[in-house]
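Just entry.cif here, mmCIF, C-alpha atoms:
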data_input
loop_
_atom_site.group_PDB
_atom_site.id
_atom_site.type_symbol
_atom_site.label_atom_id
_atom_site.label_comp_id
_atom_site.auth_asym_id
_atom_site.auth_seq_id
_atom_site.Cartn_x
_atom_site.Cartn_y
_atom_site.Cartn_z
ATOM 1 C CA CYS A 1 41.879 26.339 -3.087
ATOM 2 C CA TYR A 2 38.728 24.431 -4.031
ATOM 3 C CA ASN A 3 40.396 22.958 -7.107
ATOM 4 C CA LEU A 4 42.101 20.448 -4.861
ATOM 5 C CA HIS A 5 38.724 18.914 -4.040
ATOM 6 C CA PHE A 6 36.565 19.778 -7.048
ATOM 7 C CA ASN A 7 35.075 16.691 -8.717
ATOM 8 C CA MET A 8 35.863 14.681 -5.609
ATOM 9 C CA ASN A 9 33.184 13.510 -3.200
ATOM 10 C CA PRO A 10 33.326 14.275 0.518
ATOM 11 C CA LYS A 11 33.200 11.776 3.326
ATOM 12 C CA TYR A 12 29.616 11.909 4.579
ATOM 13 C CA SER A 13 29.001 11.254 8.266
ATOM 14 C CA VAL A 14 25.471 10.562 9.494
ATOM 15 C CA ILE A 15 24.476 10.941 13.139
ATOM 16 C CA ILE A 16 21.415 9.001 14.309
ATOM 17 C CA ILE A 17 20.107 9.667 17.797
ATOM 18 C CA THR A 18 17.609 7.175 19.159
ATOM 19 C CA PHE A 19 15.727 6.218 22.319
ATOM 20 C CA ASN A 20 13.268 3.330 22.751
ATOM 21 C CA GLN A 21 12.651 2.906 19.014
ATOM 22 C CA GLU A 22 13.182 -0.836 18.641
ATOM 23 C CA ASN A 23 10.365 -1.173 16.091
ATOM 24 C CA ILE A 24 11.396 1.659 13.774
ATOM 25 C CA ILE A 25 15.149 2.207 14.121
ATOM 26 C CA SER A 26 15.748 -0.344 11.348
ATOM 27 C CA ARG A 27 13.741 1.793 8.928
ATOM 28 C CA THR A 28 15.981 4.752 9.740
ATOM 29 C CA ILE A 29 19.274 2.891 9.417
ATOM 30 C CA ASP A 30 18.139 1.130 6.228
ATOM 31 C CA SER A 31 17.349 4.468 4.577
ATOM 32 C CA ILE A 32 21.060 5.283 4.828
ATOM 33 C CA LEU A 33 22.315 1.813 3.949
ATOM 34 C CA PHE A 34 20.312 1.971 0.699
ATOM 35 C CA GLN A 35 22.833 4.626 -0.387
ATOM 36 C CA LYS A 36 25.831 3.418 1.608
ATOM 37 C CA GLU A 37 28.206 3.828 -1.344
ATOM 38 C CA PHE A 38 28.159 7.553 -0.544
ATOM 39 C CA VAL A 39 28.511 7.244 3.238
ATOM 40 C CA PHE A 40 31.740 7.206 5.240
ATOM 41 C CA GLU A 41 30.282 6.453 8.686
ATOM 42 C CA ILE A 42 26.951 6.064 10.478
ATOM 43 C CA ILE A 43 27.148 7.102 14.118
ATOM 44 C CA VAL A 44 24.198 5.520 15.945
ATOM 45 C CA SER A 45 23.842 6.798 19.492
ATOM 46 C CA ASP A 46 21.361 5.249 21.928
ATOM 47 C CA ASP A 47 20.213 7.293 24.914
ATOM 48 C CA CYS A 48 20.080 4.376 27.363
ATOM 49 C CA SER A 49 17.008 2.720 25.834
ATOM 50 C CA THR A 50 14.995 0.357 28.026
ATOM 51 C CA ASP A 51 13.724 -1.732 25.102
ATOM 52 C CA SER A 52 15.675 -3.702 22.450
ATOM 53 C CA THR A 53 16.902 -0.697 20.466
ATOM 54 C CA TRP A 54 20.540 -1.350 21.427
ATOM 55 C CA GLU A 55 20.341 -4.982 20.357
ATOM 56 C CA VAL A 56 18.981 -3.919 16.969
ATOM 57 C CA ILE A 57 21.828 -1.430 16.566
ATOM 58 C CA MET A 58 24.441 -4.023 17.461
ATOM 59 C CA GLY A 59 22.928 -6.392 14.905
ATOM 60 C CA TYR A 60 23.632 -3.775 12.234
ATOM 61 C CA GLN A 61 27.126 -3.195 13.591
ATOM 62 C CA THR A 62 27.850 -6.915 13.226
ATOM 63 C CA ARG A 63 26.734 -6.814 9.592
ATOM 64 C CA PHE A 64 28.432 -3.501 8.743
ATOM 65 C CA PRO A 65 31.404 -3.234 11.146
ATOM 66 C CA ASN A 66 33.283 -0.695 9.034
ATOM 67 C CA LEU A 67 30.300 1.592 8.628
ATOM 68 C CA ILE A 68 28.169 1.464 11.780
ATOM 69 C CA LYS A 69 29.704 3.142 14.838
ATOM 70 C CA PRO A 70 27.475 2.431 17.857
ATOM 71 C CA TYR A 71 27.469 4.416 21.097
ATOM 72 C CA ARG A 72 25.319 3.943 24.180
ATOM 73 C CA ASN A 73 24.904 6.494 26.956
ATOM 74 C CA LYS A 74 25.351 5.182 30.495
ATOM 75 C CA VAL A 75 22.500 7.398 31.685
ATOM 76 C CA ASN A 76 19.627 9.016 29.822
ATOM 77 C CA MET A 77 20.739 12.500 28.742
ATOM 78 C CA GLY A 78 17.572 13.763 27.105
ATOM 79 C CA ILE A 79 17.304 14.703 23.452
ATOM 80 C CA PHE A 80 19.398 17.880 23.493
ATOM 81 C CA GLY A 81 22.227 16.652 25.705
ATOM 82 C CA HIS A 82 22.246 13.435 23.716
ATOM 83 C CA TYR A 83 22.507 15.294 20.420
ATOM 84 C CA GLU A 84 25.346 17.452 21.727
ATOM 85 C CA SER A 85 27.250 14.376 22.935
ATOM 86 C CA THR A 86 27.560 13.108 19.359
ATOM 87 C CA TRP A 87 29.310 16.169 17.911
ATOM 88 C CA ASN A 88 32.804 15.030 18.872
ATOM 89 C CA LYS A 89 32.277 11.550 17.438
ATOM 90 C CA VAL A 90 32.269 12.715 13.808
ATOM 91 C CA SER A 91 35.285 12.304 11.524
ATOM 92 C CA GLY A 92 33.829 12.942 8.054
ATOM 93 C CA ASP A 93 33.800 16.139 5.958
ATOM 94 C CA VAL A 94 30.030 16.792 5.825
ATOM 95 C CA VAL A 95 27.592 15.817 8.564
ATOM 96 C CA PHE A 96 23.900 14.950 8.414
ATOM 97 C CA VAL A 97 21.704 14.307 11.459
ATOM 98 C CA LEU A 98 18.691 12.007 11.558
ATOM 99 C CA ALA A 99 16.231 11.228 14.347
ATOM 100 C CA GLY A 100 15.672 7.546 15.018
ATOM 101 C CA ASP A 101 12.100 7.663 13.704
ATOM 102 C CA ASP A 102 12.766 9.542 10.441
ATOM 103 C CA VAL A 103 14.351 8.542 7.125
ATOM 104 C CA PHE A 104 16.517 9.924 4.352
ATOM 105 C CA CYS A 105 15.285 9.727 0.773
ATOM 106 C CA ASP A 106 17.205 7.522 -1.609
ATOM 107 C CA LYS A 107 19.122 10.176 -3.587
ATOM 108 C CA LEU A 108 20.025 12.590 -0.803
ATOM 109 C CA PHE A 109 23.789 12.087 -0.937
ATOM 110 C CA GLU A 110 23.820 12.020 -4.726
ATOM 111 C CA LYS A 111 22.062 15.398 -4.690
ATOM 112 C CA ALA A 112 24.537 16.647 -2.092
ATOM 113 C CA ASN A 113 27.422 15.714 -4.384
ATOM 114 C CA ILE A 114 25.768 17.626 -7.219
ATOM 115 C CA LEU A 115 25.462 20.743 -5.033
ATOM 116 C CA ILE A 116 29.090 20.495 -3.990
ATOM 117 C CA ASN A 117 30.407 20.041 -7.516
ATOM 118 C CA ASN A 118 28.108 22.603 -9.156
ATOM 119 C CA HIS A 119 29.148 25.272 -6.651
ATOM 120 C CA LYS A 120 32.784 24.135 -6.523
ATOM 121 C CA ILE A 121 32.645 23.892 -2.733
ATOM 122 C CA ASP A 122 35.871 23.238 -0.901
ATOM 123 C CA PHE A 123 34.275 20.758 1.483
ATOM 124 C CA LYS A 124 37.457 20.373 3.521
ATOM 125 C CA ASN A 125 37.769 24.036 4.433
ATOM 126 C CA ASP A 126 34.589 26.000 3.656
ATOM 127 C CA LEU A 127 31.952 26.838 6.259
ATOM 128 C CA PHE A 128 28.644 25.869 4.650
ATOM 129 C CA THR A 129 25.281 24.117 4.801
ATOM 130 C CA LEU A 130 23.563 21.986 2.164
ATOM 131 C CA ASN A 131 19.821 22.590 2.437
ATOM 132 C CA PHE A 132 17.058 20.329 1.129
ATOM 133 C CA ASP A 133 13.300 20.126 1.415
ATOM 134 C CA TYR A 134 11.571 17.552 3.585
ATOM 135 C CA LYS A 135 8.240 15.761 3.699
ATOM 136 C CA GLN A 136 6.121 15.604 6.837
ATOM 137 C CA VAL A 137 3.872 12.567 7.289
ATOM 138 C CA THR A 138 1.240 12.780 10.044
ATOM 139 C CA PRO A 139 -0.105 9.759 11.995
ATOM 140 C CA ASN A 140 -3.216 9.721 9.791
ATOM 141 C CA GLY A 141 -1.081 9.563 6.637
ATOM 142 C CA LYS A 142 -1.432 13.166 5.495
ATOM 143 C CA GLU A 143 1.673 14.421 3.659
ATOM 144 C CA LEU A 144 3.043 17.945 3.461
ATOM 145 C CA VAL A 145 6.243 19.089 1.751
ATOM 146 C CA PHE A 146 8.209 21.839 3.489
ATOM 147 C CA ARG A 147 10.340 23.935 1.123
ATOM 148 C CA ASN A 148 13.577 25.657 2.163
ATOM 149 C CA SER A 149 13.744 27.741 -1.013
ATOM 150 C CA MET A 150 13.576 31.065 0.854
ATOM 151 C CA ILE A 151 17.153 30.521 1.950
ATOM 152 C CA GLU A 152 18.246 31.462 -1.577
ATOM 153 C CA LYS A 153 16.944 35.026 -1.199
ATOM 154 C CA TYR A 154 16.879 35.988 2.461
ATOM 155 C CA ASP A 155 19.082 35.967 5.541
ATOM 156 C CA PRO A 156 18.997 32.422 6.969
ATOM 157 C CA ILE A 157 19.307 33.515 10.595
ATOM 158 C CA SER A 158 16.252 35.750 10.256
ATOM 159 C CA LEU A 159 14.381 32.951 8.491
ATOM 160 C CA LYS A 160 15.284 30.425 11.168
ATOM 161 C CA ILE A 161 14.182 32.714 13.989
ATOM 162 C CA ARG A 162 10.775 32.915 12.309
ATOM 163 C CA ASN A 163 10.692 29.145 11.588
ATOM 164 C CA LEU A 164 10.575 29.754 7.849
ATOM 165 C CA ILE A 165 13.372 27.268 7.148
ATOM 166 C CA SER A 166 14.213 23.892 8.663
ATOM 167 C CA THR A 167 17.435 21.989 9.310
ATOM 168 C CA ARG A 168 15.797 18.615 8.685
ATOM 169 C CA GLY A 169 17.953 16.840 6.126
ATOM 170 C CA THR A 170 20.530 19.640 6.190
ATOM 171 C CA GLY A 171 24.178 18.760 5.705
ATOM 172 C CA VAL A 172 26.741 20.869 7.509
ATOM 173 C CA SER A 173 30.485 21.024 7.030
ATOM 174 C CA LYS A 174 32.589 19.565 9.826
ATOM 175 C CA LYS A 175 34.229 22.990 10.101
ATOM 176 C CA VAL A 176 30.848 24.450 11.086
ATOM 177 C CA LEU A 177 29.971 21.597 13.449
ATOM 178 C CA ASN A 178 33.273 22.152 15.251
ATOM 179 C CA LYS A 179 32.025 25.624 16.217
ATOM 180 C CA PHE A 180 28.759 24.410 17.795
ATOM 181 C CA PHE A 181 28.333 25.100 21.508
ATOM 182 C CA PRO A 182 26.059 23.468 24.115
ATOM 183 C CA VAL A 183 22.820 25.259 24.978
ATOM 184 C CA ASN A 184 20.778 25.685 28.139
ATOM 185 C CA LYS A 185 18.665 22.531 28.503
ATOM 186 C CA ASN A 186 16.362 24.128 31.099
ATOM 187 C CA ILE A 187 14.423 26.085 28.483
ATOM 188 C CA GLY A 188 12.725 22.968 27.103
ATOM 189 C CA ILE A 189 11.847 22.783 23.422
ATOM 190 C CA TYR A 190 13.398 26.214 22.815
ATOM 191 C CA ALA A 191 16.802 24.538 23.136
ATOM 192 C CA ASP A 192 16.068 22.944 19.764
ATOM 193 C CA GLY A 193 15.996 26.353 18.092
ATOM 194 C CA LEU A 194 19.232 27.439 19.761
ATOM 195 C CA ILE A 195 20.994 24.376 18.384
ATOM 196 C CA ASP A 196 19.480 24.698 14.916
ATOM 197 C CA ILE A 197 20.361 28.360 14.488
ATOM 198 C CA GLN A 198 24.040 27.478 14.877
ATOM 199 C CA PHE A 199 23.934 25.844 11.436
ATOM 200 C CA TYR A 200 23.507 29.331 9.965
ATOM 201 C CA LEU A 201 25.287 31.352 12.627
ATOM 202 C CA PHE A 202 28.600 29.742 11.707
ATOM 203 C CA SER A 203 28.066 29.072 7.991
ATOM 204 C CA GLU A 204 29.452 31.503 5.443
ATOM 205 C CA ASN A 205 27.503 30.006 2.532
ATOM 206 C CA ASN A 206 24.177 28.199 2.339
ATOM 207 C CA TYR A 207 23.305 26.100 -0.707
ATOM 208 C CA TYR A 208 19.860 24.791 -1.631
ATOM 209 C CA SER A 209 18.491 21.940 -3.714
ATOM 210 C CA ARG A 210 14.776 21.605 -4.449
ATOM 211 C CA TYR A 211 14.853 17.932 -3.536
ATOM 212 C CA VAL A 212 12.880 16.229 -0.775
ATOM 213 C CA GLY A 213 15.782 14.729 1.100
ATOM 214 C CA SER A 214 14.097 13.367 4.207
ATOM 215 C CA ILE A 215 10.787 12.287 5.692
ATOM 216 C CA TYR A 216 9.673 13.466 9.108
ATOM 217 C CA TYR A 217 7.174 11.112 10.743
#

Spell out the structure here as structure tokens.
Amino acid sequence: CYNLHFNMNPKYSVIIITFNQENIISRTIDSILFQKEFVFEIIVSDDCSTDSTWEVIMGYQTRFPNLIKPYRNKVNMGIFGHYESTWNKVSGDVVFVLAGDDVFCDKLFEKANILINNHKIDFKNDLFTLNFDYKQVTPNGKELVFRNSMIEKYDPISLKIRNLISTRGTGVSKKVLNKFFPVNKNIGIYADGLIDIQFYLFSENNYYSRYVGSIYY
């Protein structure tokens, strides 16, 4: 019964996957720490970087030992295998994923709490996604906001197949993440779509907030 959890806030887990991003990984981690009062754990996984990315991560772990959970692959797994390797490291109720060169906006988790409370979501047991908009910033500084509003009216699996919605900045219940399965890595970039569609394949409800929750550089 959702009443057991209504007006309570979930434990938010954030997964960061990174590789050779020593100059920008701090920007990513800081974007979460700015709102750390909402966050239960930050799982930072390094795919065997050859630069100083790991040292930067460990510097944060020293400062925030109860929040930062660092992992380092012994061999480079590639982006999709790396992402999949983090799924079993999560212990929170709702999970967000962030690339090591992107950032979350400063009210993302506050907006997530509003969605959960307004819809009376049982975040311990329901199968759901929390969907937000995101901003794309190109190398020349051009900005474009991508809206996920179509998810309120149409089937999310159909929308995802046609790339009309995005999982950037999407929160997913741990119950959904537990159902994720590894994909064929030999199909290149198409593996990304096979992972992303699982957000909606296993979710029973999809909620949307017209808030720009992340920035994709």

Looking at only C-alpha atoms, which of A:Glu41, A:Asp196, A:Glu204, A:Glu55 is the one that sits closest to Gly92 (chain A)?
-> A:Glu41

Using the chain letters and numbers from the file, give me the residues hit by the PyMOL selection byres ((chain A and resi 64-77) around 12), as a PyMOL selection string.
-> chain A and resi 11-20+29-30+32-33+36-50+53-63+78-86+89-92+185

Any chance you could resolve the PyMOL selection byres ((chain A and resi 127-138) around 6) against this file and give the residues as a short mmCIF file (atom, residue, chain, number, x, y, z; two decimals) with C-alpha atoms, in the coordinates of the input?
data_model
loop_
_atom_site.label_atom_id
_atom_site.label_comp_id
_atom_site.auth_asym_id
_atom_site.auth_seq_id
_atom_site.Cartn_x
_atom_site.Cartn_y
_atom_site.Cartn_z
CA ASP A 126 34.59 26.00 3.66
CA PRO A 139 -0.10 9.76 12.00
CA ASN A 140 -3.22 9.72 9.79
CA GLY A 141 -1.08 9.56 6.64
CA LYS A 142 -1.43 13.17 5.50
CA GLU A 143 1.67 14.42 3.66
CA LEU A 144 3.04 17.94 3.46
CA VAL A 145 6.24 19.09 1.75
CA PHE A 146 8.21 21.84 3.49
CA ARG A 147 10.34 23.94 1.12
CA ASN A 148 13.58 25.66 2.16
CA THR A 170 20.53 19.64 6.19
CA GLY A 171 24.18 18.76 5.70
CA VAL A 172 26.74 20.87 7.51
CA SER A 173 30.48 21.02 7.03
CA LYS A 175 34.23 22.99 10.10
CA VAL A 176 30.85 24.45 11.09
CA SER A 203 28.07 29.07 7.99
CA GLU A 204 29.45 31.50 5.44
CA ASN A 205 27.50 30.01 2.53
CA ASN A 206 24.18 28.20 2.34
CA TYR A 207 23.30 26.10 -0.71
CA TYR A 208 19.86 24.79 -1.63
CA SER A 209 18.49 21.94 -3.71
CA TYR A 211 14.85 17.93 -3.54
CA VAL A 212 12.88 16.23 -0.78
CA GLY A 213 15.78 14.73 1.10
CA SER A 214 14.10 13.37 4.21
CA ILE A 215 10.79 12.29 5.69
CA TYR A 216 9.67 13.47 9.11
CA TYR A 217 7.17 11.11 10.74
#

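Going from CA of Phe199 (chain A) over to CA of Ala99 (chain A), you cover 16.8 Å.
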
Return as lines of an AutoDock Vina configuration file the centre and edge lengths, in Å with one decimal, of the box along x, y and z that encloses every atom of region 48-57 of chain A in the file, padded by 5 Å per side.
center_x = 17.8
center_y = -0.3
center_z = 22.3
size_x = 18.1
size_y = 19.4
size_z = 21.5

Any idea what the distance is between CA of Ile114 (chain A) and CA of Tyr154 (chain A)?
-> 22.6 Å

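Pairwise distance (CA of Ser158 (chain A), CA of Phe202 (chain A)) equals 13.8 Å.
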
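Using only C-alpha atoms, the residues found no farther than 8 Å from Leu164 (chain A), other than those of its own chain fewer than 4 positions away, are Asn148, Met150, Leu159 and Lys160 of chain A.
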
If you apply the PyMOL selection byres ((chain A and resi 113) around 12) to this file, what residues do you get, as a PyMOL selection string?
-> chain A and resi 5-12+38-39+94+107-112+114-123+130+171+207+209

May I have the selected residues written with C-alpha atoms, as a tab-separated table (two decimals), in the frame of the given file?
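What landed in again_10.tsv:
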chain	number	residue	atom	x	y	z
A	5	HIS	CA	38.72	18.91	-4.04
A	6	PHE	CA	36.56	19.78	-7.05
A	7	ASN	CA	35.08	16.69	-8.72
A	8	MET	CA	35.86	14.68	-5.61
A	9	ASN	CA	33.18	13.51	-3.20
A	10	PRO	CA	33.33	14.28	0.52
A	11	LYS	CA	33.20	11.78	3.33
A	12	TYR	CA	29.62	11.91	4.58
A	38	PHE	CA	28.16	7.55	-0.54
A	39	VAL	CA	28.51	7.24	3.24
A	94	VAL	CA	30.03	16.79	5.82
A	107	LYS	CA	19.12	10.18	-3.59
A	108	LEU	CA	20.02	12.59	-0.80
A	109	PHE	CA	23.79	12.09	-0.94
A	110	GLU	CA	23.82	12.02	-4.73
A	111	LYS	CA	22.06	15.40	-4.69
A	112	ALA	CA	24.54	16.65	-2.09
A	114	ILE	CA	25.77	17.63	-7.22
A	115	LEU	CA	25.46	20.74	-5.03
A	116	ILE	CA	29.09	20.50	-3.99
A	117	ASN	CA	30.41	20.04	-7.52
A	118	ASN	CA	28.11	22.60	-9.16
A	119	HIS	CA	29.15	25.27	-6.65
A	120	LYS	CA	32.78	24.14	-6.52
A	121	ILE	CA	32.65	23.89	-2.73
A	122	ASP	CA	35.87	23.24	-0.90
A	123	PHE	CA	34.28	20.76	1.48
A	130	LEU	CA	23.56	21.99	2.16
A	171	GLY	CA	24.18	18.76	5.70
A	207	TYR	CA	23.30	26.10	-0.71
A	209	SER	CA	18.49	21.94	-3.71

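Closest to Gly169 (chain A) among A:Leu194, A:Phe96, A:Asn23, A:Tyr200 is A:Phe96, based on only C-alpha atoms.
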
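Ranking A:Ile24, A:Leu177, A:Ala191, A:Ile157 by their shortest atom-to-atom distance to Val97 (chain A), with only C-alpha atoms included, puts A:Leu177 first.
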
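Among A:Lys174, A:Lys179, A:Arg162, A:Asn88, the residue with the shortest atom-to-atom distance to Gly193 (chain A), counting only C-alpha atoms, is A:Arg162.
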